>>> print(open('work-v5.cif').read())   # mmCIF, N, CA and C atoms
data_work
loop_
_atom_site.label_atom_id
_atom_site.label_comp_id
_atom_site.auth_asym_id
_atom_site.auth_seq_id
_atom_site.Cartn_x
_atom_site.Cartn_y
_atom_site.Cartn_z
N MET A 92 102.14 109.89 -16.69
CA MET A 92 102.08 110.16 -18.12
C MET A 92 102.07 111.66 -18.39
N ILE A 93 101.41 112.43 -17.53
CA ILE A 93 101.36 113.88 -17.74
C ILE A 93 102.74 114.49 -17.59
N ALA A 94 103.53 113.98 -16.64
CA ALA A 94 104.88 114.51 -16.48
C ALA A 94 105.73 114.23 -17.71
N VAL A 95 105.54 113.07 -18.31
CA VAL A 95 106.27 112.74 -19.53
C VAL A 95 105.84 113.65 -20.67
N ALA A 96 104.53 113.94 -20.73
CA ALA A 96 104.01 114.79 -21.81
C ALA A 96 104.57 116.20 -21.74
N LEU A 97 104.93 116.63 -20.55
CA LEU A 97 105.49 117.98 -20.41
C LEU A 97 106.88 118.08 -21.04
N TYR A 98 107.61 116.98 -21.09
CA TYR A 98 108.98 117.02 -21.57
C TYR A 98 109.15 116.51 -23.00
N PHE A 99 108.24 115.70 -23.46
CA PHE A 99 108.37 115.13 -24.78
C PHE A 99 107.19 115.52 -25.65
N ARG A 100 107.46 116.18 -26.73
CA ARG A 100 106.42 116.69 -27.63
C ARG A 100 105.56 115.57 -28.22
N GLY A 101 106.13 114.43 -28.45
CA GLY A 101 105.40 113.33 -29.05
C GLY A 101 104.32 112.75 -28.17
N PHE A 102 104.39 112.98 -26.86
CA PHE A 102 103.39 112.44 -25.94
C PHE A 102 102.31 113.45 -25.59
N CYS A 103 102.26 114.57 -26.27
CA CYS A 103 101.30 115.61 -25.90
C CYS A 103 99.90 115.30 -26.38
N GLY A 104 99.71 114.25 -27.13
CA GLY A 104 98.38 113.85 -27.56
C GLY A 104 98.15 114.20 -29.02
N VAL A 105 97.29 113.43 -29.65
CA VAL A 105 97.02 113.62 -31.06
C VAL A 105 96.37 114.97 -31.31
N ARG A 106 95.48 115.37 -30.44
CA ARG A 106 94.78 116.63 -30.65
C ARG A 106 95.76 117.81 -30.67
N GLY A 107 96.72 117.82 -29.77
CA GLY A 107 97.71 118.90 -29.74
C GLY A 107 98.58 118.90 -30.99
N ILE A 108 98.95 117.73 -31.47
CA ILE A 108 99.78 117.63 -32.67
C ILE A 108 99.01 118.10 -33.89
N LEU A 109 97.74 117.70 -34.00
CA LEU A 109 96.94 118.13 -35.14
C LEU A 109 96.70 119.63 -35.12
N ASN A 110 96.55 120.21 -33.92
CA ASN A 110 96.38 121.66 -33.85
C ASN A 110 97.63 122.38 -34.34
N VAL A 111 98.81 121.86 -34.03
CA VAL A 111 100.04 122.46 -34.52
C VAL A 111 100.09 122.38 -36.03
N MET A 112 99.75 121.22 -36.59
CA MET A 112 99.78 121.06 -38.04
C MET A 112 98.78 121.99 -38.71
N LEU A 113 97.56 122.03 -38.21
CA LEU A 113 96.54 122.82 -38.86
C LEU A 113 96.80 124.32 -38.72
N ARG A 114 97.48 124.73 -37.68
CA ARG A 114 97.78 126.15 -37.52
C ARG A 114 98.73 126.62 -38.61
N HIS A 115 99.73 125.82 -38.95
CA HIS A 115 100.74 126.22 -39.93
C HIS A 115 100.31 125.96 -41.38
N LEU A 116 99.59 124.89 -41.61
CA LEU A 116 99.31 124.46 -42.98
C LEU A 116 97.83 124.27 -43.25
N LYS A 117 96.99 124.99 -42.54
CA LYS A 117 95.56 124.72 -42.57
C LYS A 117 94.96 124.74 -43.98
N ARG A 118 95.04 125.84 -44.66
CA ARG A 118 94.33 125.95 -45.94
C ARG A 118 94.89 125.02 -47.01
N PRO A 119 96.19 125.01 -47.27
CA PRO A 119 96.68 124.12 -48.33
C PRO A 119 96.40 122.64 -48.06
N VAL A 120 96.62 122.20 -46.84
CA VAL A 120 96.44 120.78 -46.53
C VAL A 120 94.97 120.39 -46.60
N LEU A 121 94.10 121.20 -46.06
CA LEU A 121 92.68 120.86 -46.09
C LEU A 121 92.11 120.91 -47.50
N THR A 122 92.57 121.86 -48.31
CA THR A 122 92.11 121.93 -49.70
C THR A 122 92.55 120.69 -50.48
N VAL A 123 93.80 120.33 -50.35
CA VAL A 123 94.31 119.15 -51.05
C VAL A 123 93.67 117.88 -50.50
N LEU A 124 93.39 117.84 -49.21
CA LEU A 124 92.72 116.68 -48.64
C LEU A 124 91.33 116.50 -49.26
N ARG A 125 90.60 117.60 -49.46
CA ARG A 125 89.30 117.51 -50.13
C ARG A 125 89.45 116.98 -51.56
N TRP A 126 90.45 117.49 -52.28
CA TRP A 126 90.69 117.02 -53.65
C TRP A 126 91.01 115.53 -53.66
N GLN A 127 91.85 115.10 -52.72
CA GLN A 127 92.23 113.69 -52.66
C GLN A 127 91.01 112.81 -52.35
N LEU A 128 90.19 113.24 -51.43
CA LEU A 128 88.99 112.46 -51.08
C LEU A 128 88.03 112.38 -52.26
N ALA A 129 87.87 113.49 -52.98
CA ALA A 129 87.00 113.48 -54.16
C ALA A 129 87.55 112.55 -55.25
N ALA A 130 88.84 112.64 -55.50
CA ALA A 130 89.46 111.77 -56.51
C ALA A 130 89.36 110.30 -56.10
N THR A 131 89.55 110.02 -54.83
CA THR A 131 89.43 108.65 -54.35
C THR A 131 88.01 108.13 -54.55
N ALA A 132 87.02 108.96 -54.26
CA ALA A 132 85.62 108.54 -54.43
C ALA A 132 85.31 108.27 -55.90
N VAL A 133 85.76 109.15 -56.79
CA VAL A 133 85.50 108.96 -58.22
C VAL A 133 86.19 107.71 -58.74
N LEU A 134 87.46 107.54 -58.39
CA LEU A 134 88.20 106.36 -58.86
C LEU A 134 87.67 105.08 -58.24
N MET A 135 87.14 105.18 -57.03
CA MET A 135 86.55 104.01 -56.39
C MET A 135 85.29 103.58 -57.14
N MET A 136 84.48 104.55 -57.57
CA MET A 136 83.27 104.21 -58.34
C MET A 136 83.63 103.61 -59.70
N ILE A 137 84.66 104.16 -60.34
CA ILE A 137 85.09 103.62 -61.63
C ILE A 137 85.61 102.19 -61.46
N ALA A 138 86.39 101.98 -60.41
CA ALA A 138 86.92 100.63 -60.15
C ALA A 138 85.79 99.67 -59.82
N ALA A 139 84.76 100.14 -59.14
CA ALA A 139 83.62 99.27 -58.83
C ALA A 139 82.89 98.85 -60.09
N LEU A 140 82.80 99.75 -61.06
CA LEU A 140 82.14 99.41 -62.32
C LEU A 140 82.92 98.36 -63.11
N PHE A 141 84.23 98.49 -63.11
CA PHE A 141 85.06 97.59 -63.92
C PHE A 141 85.48 96.32 -63.19
N ALA A 142 85.71 96.40 -61.89
CA ALA A 142 86.26 95.24 -61.19
C ALA A 142 85.43 94.78 -60.00
N GLY A 143 84.30 95.40 -59.76
CA GLY A 143 83.43 94.97 -58.67
C GLY A 143 83.88 95.49 -57.31
N GLY A 144 83.43 94.78 -56.29
CA GLY A 144 83.68 95.20 -54.91
C GLY A 144 85.15 95.22 -54.52
N HIS A 145 85.89 94.23 -54.99
CA HIS A 145 87.31 94.20 -54.65
C HIS A 145 88.07 95.33 -55.35
N GLY A 146 87.62 95.70 -56.53
CA GLY A 146 88.23 96.85 -57.21
C GLY A 146 87.98 98.14 -56.45
N ALA A 147 86.75 98.30 -55.96
CA ALA A 147 86.41 99.50 -55.19
C ALA A 147 87.20 99.54 -53.88
N ALA A 148 87.30 98.40 -53.21
CA ALA A 148 88.06 98.35 -51.96
C ALA A 148 89.54 98.62 -52.21
N SER A 149 90.06 98.13 -53.32
CA SER A 149 91.47 98.36 -53.65
C SER A 149 91.72 99.84 -53.95
N ALA A 150 90.79 100.45 -54.69
CA ALA A 150 90.92 101.88 -54.99
C ALA A 150 90.84 102.70 -53.71
N LEU A 151 89.94 102.33 -52.83
CA LEU A 151 89.83 103.03 -51.55
C LEU A 151 91.13 102.89 -50.75
N ALA A 152 91.69 101.69 -50.73
CA ALA A 152 92.95 101.47 -50.01
C ALA A 152 94.07 102.31 -50.61
N GLY A 153 94.15 102.37 -51.93
CA GLY A 153 95.19 103.18 -52.57
C GLY A 153 95.07 104.65 -52.23
N GLY A 154 93.84 105.17 -52.24
CA GLY A 154 93.63 106.56 -51.88
C GLY A 154 93.95 106.83 -50.42
N LEU A 155 93.52 105.94 -49.54
CA LEU A 155 93.78 106.14 -48.11
C LEU A 155 95.27 106.04 -47.77
N ILE A 156 95.99 105.19 -48.49
CA ILE A 156 97.44 105.11 -48.27
C ILE A 156 98.08 106.45 -48.59
N SER A 157 97.73 107.02 -49.73
CA SER A 157 98.32 108.29 -50.13
C SER A 157 97.90 109.42 -49.20
N ILE A 158 96.64 109.43 -48.80
CA ILE A 158 96.16 110.47 -47.89
C ILE A 158 96.86 110.37 -46.54
N THR A 159 96.99 109.16 -46.02
CA THR A 159 97.66 108.97 -44.73
C THR A 159 99.12 109.39 -44.80
N ALA A 160 99.81 109.00 -45.85
CA ALA A 160 101.22 109.38 -46.00
C ALA A 160 101.36 110.90 -46.16
N GLY A 161 100.45 111.51 -46.89
CA GLY A 161 100.50 112.96 -47.06
C GLY A 161 100.24 113.71 -45.77
N LEU A 162 99.28 113.25 -44.97
CA LEU A 162 99.02 113.90 -43.69
C LEU A 162 100.19 113.73 -42.72
N ALA A 163 100.82 112.56 -42.75
CA ALA A 163 102.00 112.36 -41.91
C ALA A 163 103.13 113.29 -42.35
N SER A 164 103.28 113.46 -43.64
CA SER A 164 104.29 114.37 -44.17
C SER A 164 104.01 115.81 -43.75
N ALA A 165 102.75 116.22 -43.84
CA ALA A 165 102.38 117.59 -43.43
C ALA A 165 102.60 117.78 -41.95
N LEU A 166 102.34 116.77 -41.16
CA LEU A 166 102.57 116.84 -39.72
C LEU A 166 104.04 117.03 -39.41
N VAL A 167 104.88 116.24 -40.07
CA VAL A 167 106.33 116.35 -39.85
C VAL A 167 106.84 117.71 -40.31
N ALA A 168 106.34 118.19 -41.45
CA ALA A 168 106.77 119.49 -41.97
C ALA A 168 106.35 120.62 -41.04
N SER A 169 105.18 120.52 -40.45
CA SER A 169 104.71 121.60 -39.59
C SER A 169 105.39 121.61 -38.24
N MET A 170 105.96 120.50 -37.82
CA MET A 170 106.61 120.44 -36.52
C MET A 170 108.03 120.99 -36.54
N GLY A 171 108.59 121.17 -37.72
CA GLY A 171 109.94 121.72 -37.80
C GLY A 171 109.93 123.21 -37.54
N ASP A 172 110.95 123.71 -36.89
CA ASP A 172 111.02 125.15 -36.68
C ASP A 172 112.37 125.64 -37.20
N ALA A 173 112.46 125.68 -38.52
CA ALA A 173 113.69 126.04 -39.19
C ALA A 173 113.92 127.55 -39.14
N LYS A 174 115.17 127.91 -38.96
CA LYS A 174 115.52 129.32 -38.89
C LYS A 174 116.44 129.74 -40.04
N SER A 175 116.71 128.80 -40.94
CA SER A 175 117.57 129.10 -42.08
C SER A 175 117.08 128.33 -43.30
N ALA A 176 117.64 128.66 -44.44
CA ALA A 176 117.26 127.95 -45.66
C ALA A 176 117.65 126.48 -45.58
N GLY A 177 118.79 126.20 -44.99
CA GLY A 177 119.21 124.80 -44.82
C GLY A 177 118.28 124.04 -43.91
N GLY A 178 117.79 124.71 -42.86
CA GLY A 178 116.84 124.08 -41.95
C GLY A 178 115.52 123.77 -42.62
N VAL A 179 115.08 124.69 -43.48
CA VAL A 179 113.84 124.46 -44.24
C VAL A 179 114.02 123.27 -45.17
N LEU A 180 115.17 123.20 -45.83
CA LEU A 180 115.44 122.10 -46.75
C LEU A 180 115.48 120.76 -46.00
N LEU A 181 116.13 120.74 -44.85
CA LEU A 181 116.18 119.50 -44.07
C LEU A 181 114.79 119.09 -43.59
N GLY A 182 113.98 120.07 -43.19
CA GLY A 182 112.61 119.76 -42.77
C GLY A 182 111.79 119.19 -43.91
N ALA A 183 111.94 119.76 -45.11
CA ALA A 183 111.22 119.27 -46.28
C ALA A 183 111.68 117.86 -46.65
N LEU A 184 112.98 117.61 -46.58
CA LEU A 184 113.50 116.28 -46.89
C LEU A 184 113.04 115.26 -45.86
N ARG A 185 113.00 115.66 -44.60
CA ARG A 185 112.52 114.77 -43.55
C ARG A 185 111.04 114.41 -43.79
N ALA A 186 110.24 115.42 -44.13
CA ALA A 186 108.82 115.18 -44.39
C ALA A 186 108.63 114.26 -45.59
N GLU A 187 109.39 114.47 -46.65
CA GLU A 187 109.28 113.60 -47.82
C GLU A 187 109.74 112.18 -47.51
N GLY A 188 110.75 112.04 -46.68
CA GLY A 188 111.21 110.71 -46.27
C GLY A 188 110.14 109.96 -45.49
N VAL A 189 109.47 110.68 -44.59
CA VAL A 189 108.38 110.07 -43.83
C VAL A 189 107.25 109.65 -44.77
N LYS A 190 106.91 110.53 -45.73
CA LYS A 190 105.83 110.21 -46.67
C LYS A 190 106.18 108.98 -47.50
N LEU A 191 107.38 108.94 -48.04
CA LEU A 191 107.80 107.81 -48.87
C LEU A 191 107.86 106.52 -48.06
N GLY A 192 108.46 106.57 -46.89
CA GLY A 192 108.58 105.37 -46.06
C GLY A 192 107.23 104.83 -45.63
N LEU A 193 106.35 105.72 -45.19
CA LEU A 193 105.02 105.28 -44.76
C LEU A 193 104.23 104.73 -45.93
N ALA A 194 104.32 105.37 -47.09
CA ALA A 194 103.59 104.88 -48.27
C ALA A 194 104.07 103.49 -48.66
N VAL A 195 105.36 103.26 -48.66
CA VAL A 195 105.89 101.94 -49.03
C VAL A 195 105.42 100.88 -48.04
N VAL A 196 105.49 101.19 -46.75
CA VAL A 196 105.06 100.22 -45.73
C VAL A 196 103.57 99.92 -45.86
N LEU A 197 102.75 100.95 -46.05
CA LEU A 197 101.31 100.73 -46.17
C LEU A 197 100.96 99.97 -47.45
N LEU A 198 101.62 100.30 -48.56
CA LEU A 198 101.39 99.54 -49.79
C LEU A 198 101.75 98.07 -49.60
N TRP A 199 102.88 97.83 -48.97
CA TRP A 199 103.32 96.46 -48.71
C TRP A 199 102.30 95.73 -47.84
N LEU A 200 101.81 96.40 -46.77
CA LEU A 200 100.84 95.76 -45.89
C LEU A 200 99.55 95.40 -46.63
N VAL A 201 99.08 96.30 -47.48
CA VAL A 201 97.85 96.01 -48.22
C VAL A 201 98.07 94.86 -49.20
N LEU A 202 99.16 94.91 -49.95
CA LEU A 202 99.39 93.87 -50.96
C LEU A 202 99.66 92.50 -50.35
N VAL A 203 100.26 92.46 -49.19
CA VAL A 203 100.53 91.18 -48.53
C VAL A 203 99.27 90.61 -47.88
N ASN A 204 98.46 91.47 -47.28
CA ASN A 204 97.33 90.99 -46.49
C ASN A 204 96.01 90.91 -47.25
N TYR A 205 95.89 91.59 -48.36
CA TYR A 205 94.64 91.57 -49.12
C TYR A 205 94.89 90.80 -50.41
N SER A 206 94.60 89.50 -50.35
CA SER A 206 94.95 88.60 -51.46
C SER A 206 94.13 88.87 -52.72
N GLN A 207 92.95 89.45 -52.59
CA GLN A 207 92.11 89.70 -53.76
C GLN A 207 92.18 91.15 -54.21
N ALA A 208 93.24 91.83 -53.85
CA ALA A 208 93.40 93.23 -54.25
C ALA A 208 93.53 93.33 -55.77
N VAL A 209 92.87 94.35 -56.32
CA VAL A 209 93.00 94.65 -57.74
C VAL A 209 94.15 95.66 -57.84
N VAL A 210 95.31 95.16 -58.22
CA VAL A 210 96.53 95.96 -58.15
C VAL A 210 96.45 97.20 -59.04
N GLY A 211 95.85 97.09 -60.19
CA GLY A 211 95.73 98.24 -61.08
C GLY A 211 94.95 99.37 -60.44
N ALA A 212 93.83 99.05 -59.81
CA ALA A 212 93.01 100.08 -59.14
C ALA A 212 93.75 100.66 -57.94
N LEU A 213 94.42 99.81 -57.20
CA LEU A 213 95.17 100.26 -56.03
C LEU A 213 96.27 101.24 -56.42
N ILE A 214 97.09 100.86 -57.38
CA ILE A 214 98.22 101.70 -57.78
C ILE A 214 97.74 102.96 -58.49
N ALA A 215 96.71 102.85 -59.33
CA ALA A 215 96.22 104.03 -60.05
C ALA A 215 95.69 105.08 -59.08
N THR A 216 94.89 104.66 -58.12
CA THR A 216 94.35 105.61 -57.15
C THR A 216 95.45 106.18 -56.28
N PHE A 217 96.40 105.34 -55.90
CA PHE A 217 97.53 105.80 -55.10
C PHE A 217 98.31 106.88 -55.85
N VAL A 218 98.63 106.64 -57.10
CA VAL A 218 99.43 107.59 -57.88
C VAL A 218 98.66 108.89 -58.11
N VAL A 219 97.39 108.81 -58.45
CA VAL A 219 96.60 110.02 -58.70
C VAL A 219 96.51 110.87 -57.44
N THR A 220 96.21 110.25 -56.31
CA THR A 220 96.10 111.03 -55.07
C THR A 220 97.45 111.54 -54.61
N LEU A 221 98.51 110.82 -54.91
CA LEU A 221 99.85 111.30 -54.56
C LEU A 221 100.21 112.53 -55.40
N LEU A 222 99.84 112.52 -56.66
CA LEU A 222 100.08 113.68 -57.51
C LEU A 222 99.24 114.88 -57.07
N ILE A 223 98.03 114.62 -56.62
CA ILE A 223 97.19 115.71 -56.12
C ILE A 223 97.82 116.35 -54.89
N PHE A 224 98.44 115.54 -54.04
CA PHE A 224 99.10 116.10 -52.85
C PHE A 224 100.21 117.06 -53.24
N ALA A 225 100.87 116.76 -54.34
CA ALA A 225 101.96 117.65 -54.80
C ALA A 225 101.42 119.02 -55.21
N MET A 226 100.14 119.11 -55.48
CA MET A 226 99.54 120.39 -55.87
C MET A 226 99.32 121.34 -54.70
N ALA A 227 99.60 120.90 -53.49
CA ALA A 227 99.43 121.76 -52.31
C ALA A 227 100.28 123.02 -52.44
N PHE A 228 101.36 122.93 -53.16
CA PHE A 228 102.24 124.08 -53.37
C PHE A 228 101.50 125.22 -54.06
N PHE A 229 100.53 124.87 -54.90
CA PHE A 229 99.83 125.89 -55.70
C PHE A 229 98.60 126.47 -55.00
N VAL A 230 98.24 125.97 -53.83
CA VAL A 230 97.08 126.47 -53.10
C VAL A 230 97.48 127.74 -52.37
N ARG A 231 96.75 128.81 -52.62
CA ARG A 231 97.05 130.08 -51.96
C ARG A 231 96.57 130.04 -50.51
N ASP A 232 97.31 130.68 -49.65
CA ASP A 232 97.04 130.65 -48.21
C ASP A 232 96.44 131.98 -47.76
N TYR A 233 95.31 132.35 -48.35
CA TYR A 233 94.61 133.57 -47.89
C TYR A 233 93.14 133.33 -47.78
#
>>> encode(input="work-v5.cif", output="structure tokens")
Amino acid sequence: MIAVALYFRGFCGVRGILNVMLRHLKRPVLTVLRWQLAATAVLMMIAALFAGGHGAASALAGGLISITAGLASALVASMGDAKSAGGVLLGALRAEGVKLGLAVVLLWLVLVNYSQAVVGALIATFVVTLLIFAMAFFVRDY
């Protein structure tokens, strides 16, 4: 396995991949991650008040779907080593494709497997946290 890890970047281990991501995008990603977690917690409490335990669980699932897709997108974006404007654009499109694909798959998995999901809470938390991720552009890196 170690010999394979030397030749293929994907087998180098989660810790090595996360270090690469955090080195390039540390401040914006961590700041937005805090915002997303806070928004998820607030929306989860609101959903618990209106829809009970299943509403809170649905809101938590919606937030975690968005957070997971956003972190996967940041990981893909940080692994690209573009040397031109076209390369940067392709890297950004690849990262957005990963985020969209993973979000759709995770939403589908939750809606299919959690029969008592409160869809309104799930989608609302998902959309709010997804919009918060878009704010990473405005976080200063100093």
>>> residues_around(input="work-v5.cif", residues="Thr159 in chain A", least_positions_apart="6", cutoff="9 Å", atoms="only C-alpha atoms", output="MDAnalysis selection string")
chainID A and resid 190 193:194
>>> closest_residue(input="work-v5.cif", among="A:Met136, A:Leu155, A:Ala165, A:Val189", to="Phe228 in chain A", atoms="only C-alpha atoms")
A:Ala165
>>> resolve_selection(input="work-v5.cif", expression="the PyMOL selection byres (((chain A and resi 226 and name CA) around 12) and name CA)", output="PyMOL selection string")
chain A and resi 119-124+126-127+161+219-225+227-231
>>> closest_residue(input="work-v5.cif", among="A:Trp199, A:Val167, A:Lys174, A:Gly144", to="Ile214 in chain A", atoms="only C-alpha atoms")
A:Trp199
>>> closest_residue(input="work-v5.cif", among="A:Leu213, A:Val218, A:Leu181, A:Leu202", to="Ala150 in chain A", atoms="all atoms listed in the file")
A:Leu213
>>> atom_distance(input="work-v5.cif", atom1="CA of Tyr205 in chain A", atom2="CA of Arg125 in chain A")
26.5 Å
>>> atom_distance(input="work-v5.cif", atom1="CA of Phe141 in chain A", atom2="CA of Leu128 in chain A")
20.0 Å
>>> resolve_selection(input="work-v5.cif", expression="the PyMOL selection byres (((chain A and resi 183 and name CA) around 10) and name CA)", output="list in words")
Ser164, Ala165, Val167, Ala168, Ser169, Gly171, Gly177, Gly178, Val179, Leu180, Leu181, Gly182, Leu184, Arg185, Ala186, Glu187, Gly188 and Val189 of chain A
>>> atom_distance(input="work-v5.cif", atom1="CA of Ala215 in chain A", atom2="atom C of Leu162 in chain A")
20.3 Å
>>> resolve_selection(input="work-v5.cif", expression="the PyMOL selection byres ((chain A and resi 209) around 7)", output="PyMOL selection string")
chain A and resi 145-146+148-150+206-208+210-214
>>> write_last_selection(input="work-v5.cif", atoms="N, CA and C atoms", output="PDB file, keeping the file's coordinate frame")
ATOM      1  N   HIS A 145      85.890  94.230 -54.990  1.00  0.00           N
ATOM      2  CA  HIS A 145      87.310  94.200 -54.650  1.00  0.00           C
ATOM      3  C   HIS A 145      88.070  95.330 -55.350  1.00  0.00           C
ATOM      4  N   GLY A 146      87.620  95.700 -56.530  1.00  0.00           N
ATOM      5  CA  GLY A 146      88.230  96.850 -57.210  1.00  0.00           C
ATOM      6  C   GLY A 146      87.980  98.140 -56.450  1.00  0.00           C
ATOM      7  N   ALA A 148      87.300  98.400 -53.210  1.00  0.00           N
ATOM      8  CA  ALA A 148      88.060  98.350 -51.960  1.00  0.00           C
ATOM      9  C   ALA A 148      89.540  98.620 -52.210  1.00  0.00           C
ATOM     10  N   SER A 149      90.060  98.130 -53.320  1.00  0.00           N
ATOM     11  CA  SER A 149      91.470  98.360 -53.650  1.00  0.00           C
ATOM     12  C   SER A 149      91.720  99.840 -53.950  1.00  0.00           C
ATOM     13  N   ALA A 150      90.790 100.450 -54.690  1.00  0.00           N
ATOM     14  CA  ALA A 150      90.920 101.880 -54.990  1.00  0.00           C
ATOM     15  C   ALA A 150      90.840 102.700 -53.710  1.00  0.00           C
ATOM     16  N   SER A 206      94.600  89.500 -50.350  1.00  0.00           N
ATOM     17  CA  SER A 206      94.950  88.600 -51.460  1.00  0.00           C
ATOM     18  C   SER A 206      94.130  88.870 -52.720  1.00  0.00           C
ATOM     19  N   GLN A 207      92.950  89.450 -52.590  1.00  0.00           N
ATOM     20  CA  GLN A 207      92.110  89.700 -53.760  1.00  0.00           C
ATOM     21  C   GLN A 207      92.180  91.150 -54.210  1.00  0.00           C
ATOM     22  N   ALA A 208      93.240  91.830 -53.850  1.00  0.00           N
ATOM     23  CA  ALA A 208      93.400  93.230 -54.250  1.00  0.00           C
ATOM     24  C   ALA A 208      93.530  93.330 -55.770  1.00  0.00           C
ATOM     25  N   VAL A 210      95.310  95.160 -58.220  1.00  0.00           N
ATOM     26  CA  VAL A 210      96.530  95.960 -58.150  1.00  0.00           C
ATOM     27  C   VAL A 210      96.450  97.200 -59.040  1.00  0.00           C
ATOM     28  N   GLY A 211      95.850  97.090 -60.190  1.00  0.00           N
ATOM     29  CA  GLY A 211      95.730  98.240 -61.080  1.00  0.00           C
ATOM     30  C   GLY A 211      94.950  99.370 -60.440  1.00  0.00           C
ATOM     31  N   ALA A 212      93.830  99.050 -59.810  1.00  0.00           N
ATOM     32  CA  ALA A 212      93.010 100.080 -59.140  1.00  0.00           C
ATOM     33  C   ALA A 212      93.750 100.660 -57.940  1.00  0.00           C
ATOM     34  N   LEU A 213      94.420  99.810 -57.200  1.00  0.00           N
ATOM     35  CA  LEU A 213      95.170 100.260 -56.030  1.00  0.00           C
ATOM     36  C   LEU A 213      96.270 101.240 -56.420  1.00  0.00           C
ATOM     37  N   ILE A 214      97.090 100.860 -57.380  1.00  0.00           N
ATOM     38  CA  ILE A 214      98.220 101.700 -57.780  1.00  0.00           C
ATOM     39  C   ILE A 214      97.740 102.960 -58.490  1.00  0.00           C
TER      40      ILE A 214
END
